[in-house]
Amino acid sequence: MPRVSEAHRERRREQILDAARRCFIRKGFHQSSMADVFAEAGLSAGAVYRYFRSKDEIITAIAEEVVGHVTDLLVPLVEQEPTPTLDSVIRDGLLSVDDLAFGEYGFAQLAPQVWAEALRNDQLLGVIRSRYTVVREALSRLIVAEQKAGRVDVDAEPDDVAAVLFGSIIGYLLQRLLFGHLRPESYAAGLAALTR
């Protein structure tokens with residue numbers, strides 16, 4: 001029997017994750033069964049279980065991918081040289097996150113489910129915390145640079161300010177999901193007005 005290439009394994013894994021993502025967006029994590037995932041992927045139970053032992057493993061893999069994409073978008077924005085202004089990072093970050101979250105894959109619909117699931121799944125919580133910590137640390141470094149430039153109060157604790165900014169990004173996603181008409185540019189402008 002010929003060996004399956006690594007590229008084939010990766011394509012099959014992505015096929016399963018894409019199918020599960022569609023199921024989870026349509027029905028939610030707990031209303032979607034593994035049988036739903038098998039049918040959506042067009043694969044047998046054995047083929048899926050070769051890659052993932054459980055639905056929890058699939059959820060964790062999707063969450064890691066989604067949070068990883070957000071991290072991959074935001075950290076490079078913050079770490080540009082020369083250091084960008086806080087206003088430009090917030091605006092560009094929200095535009096990038098909006099494209100990712102509300103684009104073809106529907107990551108925004110999965111985010112609240114992932115956050116809720118993390119409250120009962122320690123492995124998932126660990127994945128989210130580790131990825132989000134990277135973003136918050138990058139934001140904290142940006143705040144230090146903004147303090148040196150005189151644009152943020154020098155007495156403010158950078159980690160505290162970073163936590164608030166990170167919460168604003170999550171808040172944007174939730175409000176955009178709930179109200180629909182919120183735009184990243186106007187949200188960024190409102191946030192900038194608060195920081196002046």
# chains A, B, ... in the order shown; residues from 1 in each chain; ligands from 1
$ closest_atom_pairs --of "region 6-102 of chain A" --to "region 137-146 of chain A" --cutoff "7 Å" --atoms "only C-alpha atoms" --output "tab-separated table"
residue	atom	partner	partner_atom	distance
A:Val75	CA	A:Ala138	CA	6.1
A:Val78	CA	A:Leu142	CA	6.3
A:Thr85	CA	A:Glu146	CA	7.0
A:Leu86	CA	A:Glu146	CA	7.0
$ residues_around --residues "Ser44 (chain A)" --least-positions-apart "6" --cutoff "10 Å" --atoms "only C-alpha atoms" --output "PyMOL selection string"
chain A and resi 35+37-38
$ closest_residue --among "A:Ala193, A:Leu73, A:Met34, A:Leu125" --to "Arg53 (chain A)" --atoms "only C-alpha atoms"
A:Met34
$ select_by_dssp --residues "region 8-180 of chain A" --states "alpha helix (DSSP H)" --output "VMD selection string"
chain A and resid 8 to 27 34 to 41 45 to 49 55 to 78 86 to 101 107 to 118 122 to 148 158 to 179
$ closest_atom_pairs --of "region 43-140 of chain A" --to "region 185-189 of chain A" --cutoff "10 Å" --atoms "only C-alpha atoms" --output "CSV"
residue,atom,partner,partner_atom,distance
A:Asp87,CA,A:Ala188,CA,7.4
A:Ser88,CA,A:Ala188,CA,8.7
A:Val89,CA,A:Ala188,CA,9.3
A:Ile90,CA,A:Ala188,CA,6.0
A:Arg91,CA,A:Ala188,CA,5.1
A:Asp92,CA,A:Glu185,CA,8.7
A:Gly93,CA,A:Ala188,CA,9.2
A:Leu94,CA,A:Ala188,CA,7.3
A:Leu95,CA,A:Glu185,CA,7.3
$ closest_residue --among "A:Ala47, A:Leu100, A:Leu177, A:Val134" --to "Glu79 (chain A)" --atoms "only C-alpha atoms"
A:Val134
$ closest_residue --among "A:Phe107, A:Arg11, A:Glu65, A:Thr83" --to "Lys148 (chain A)" --atoms "only C-alpha atoms"
A:Thr83
$ residues_around --residues "Asp56 (chain A)" --least-positions-apart "6" --cutoff "10 Å" --atoms "only C-alpha atoms" --output "list in words"
Phe29, Ile62, Glu117, Asn121, Gln123 and Leu124 of chain A
$ write_last_selection --atoms "all heavy atoms" --output "compact mmCIF listing (two decimals), in the first residue's frame"
# COMPACT_ATOMS: atom_id res chain seq x y z
N PHE A 29 -21.39 24.41 18.32
CA PHE A 29 -20.52 23.29 18.70
C PHE A 29 -21.32 22.11 19.22
O PHE A 29 -21.11 20.97 18.83
CB PHE A 29 -19.54 23.71 19.80
CG PHE A 29 -18.42 24.61 19.34
CD1 PHE A 29 -17.75 25.39 20.26
CD2 PHE A 29 -18.02 24.66 18.02
CE1 PHE A 29 -16.70 26.21 19.87
CE2 PHE A 29 -16.98 25.49 17.62
CZ PHE A 29 -16.33 26.26 18.54
N ILE A 62 -9.62 24.17 15.49
CA ILE A 62 -10.22 25.34 14.83
C ILE A 62 -9.92 26.60 15.62
O ILE A 62 -9.55 27.64 15.05
CB ILE A 62 -11.73 25.14 14.64
CG1 ILE A 62 -11.98 24.08 13.55
CG2 ILE A 62 -12.43 26.45 14.28
CD1 ILE A 62 -13.43 23.67 13.40
N GLU A 117 -16.67 27.91 25.13
CA GLU A 117 -16.16 26.55 25.27
C GLU A 117 -14.89 26.52 26.12
O GLU A 117 -14.66 25.57 26.87
CB GLU A 117 -15.88 25.97 23.87
CG GLU A 117 -15.58 24.51 23.86
CD GLU A 117 -16.75 23.63 24.24
OE1 GLU A 117 -17.91 24.09 24.27
OE2 GLU A 117 -16.51 22.44 24.54
N ASN A 121 -13.25 23.88 28.96
CA ASN A 121 -12.24 23.01 28.36
C ASN A 121 -10.86 23.63 28.64
O ASN A 121 -10.47 24.60 27.99
CB ASN A 121 -12.51 22.90 26.85
CG ASN A 121 -11.51 22.05 26.11
OD1 ASN A 121 -10.35 21.95 26.48
ND2 ASN A 121 -11.97 21.43 25.02
N GLN A 123 -7.82 22.62 28.05
CA GLN A 123 -6.85 22.59 26.96
C GLN A 123 -7.10 23.76 26.00
O GLN A 123 -6.18 24.46 25.60
CB GLN A 123 -6.91 21.27 26.21
CG GLN A 123 -5.90 21.21 25.07
CD GLN A 123 -6.02 19.92 24.26
OE1 GLN A 123 -6.85 19.07 24.52
NE2 GLN A 123 -5.17 19.80 23.25
N LEU A 124 -8.35 23.95 25.68
CA LEU A 124 -8.73 25.06 24.80
C LEU A 124 -8.40 26.40 25.46
O LEU A 124 -7.86 27.30 24.81
CB LEU A 124 -10.22 24.98 24.46
CG LEU A 124 -10.78 26.06 23.55
CD1 LEU A 124 -10.04 26.12 22.23
CD2 LEU A 124 -12.26 25.81 23.33
$ closest_residue --among "A:Lys27, A:Arg22, A:Lys55, A:Arg136" --to "Ile169 (chain A)" --atoms "only C-alpha atoms"
A:Arg136
$ closest_residue --among "A:Leu110, A:Leu17, A:Asp98, A:Arg131" --to "Leu182 (chain A)" --atoms "only C-alpha atoms"
A:Asp98
$ atom_distance --atom1 "CA of Ala111 (chain A)" --atom2 "CA of Leu165 (chain A)"
17.5 Å
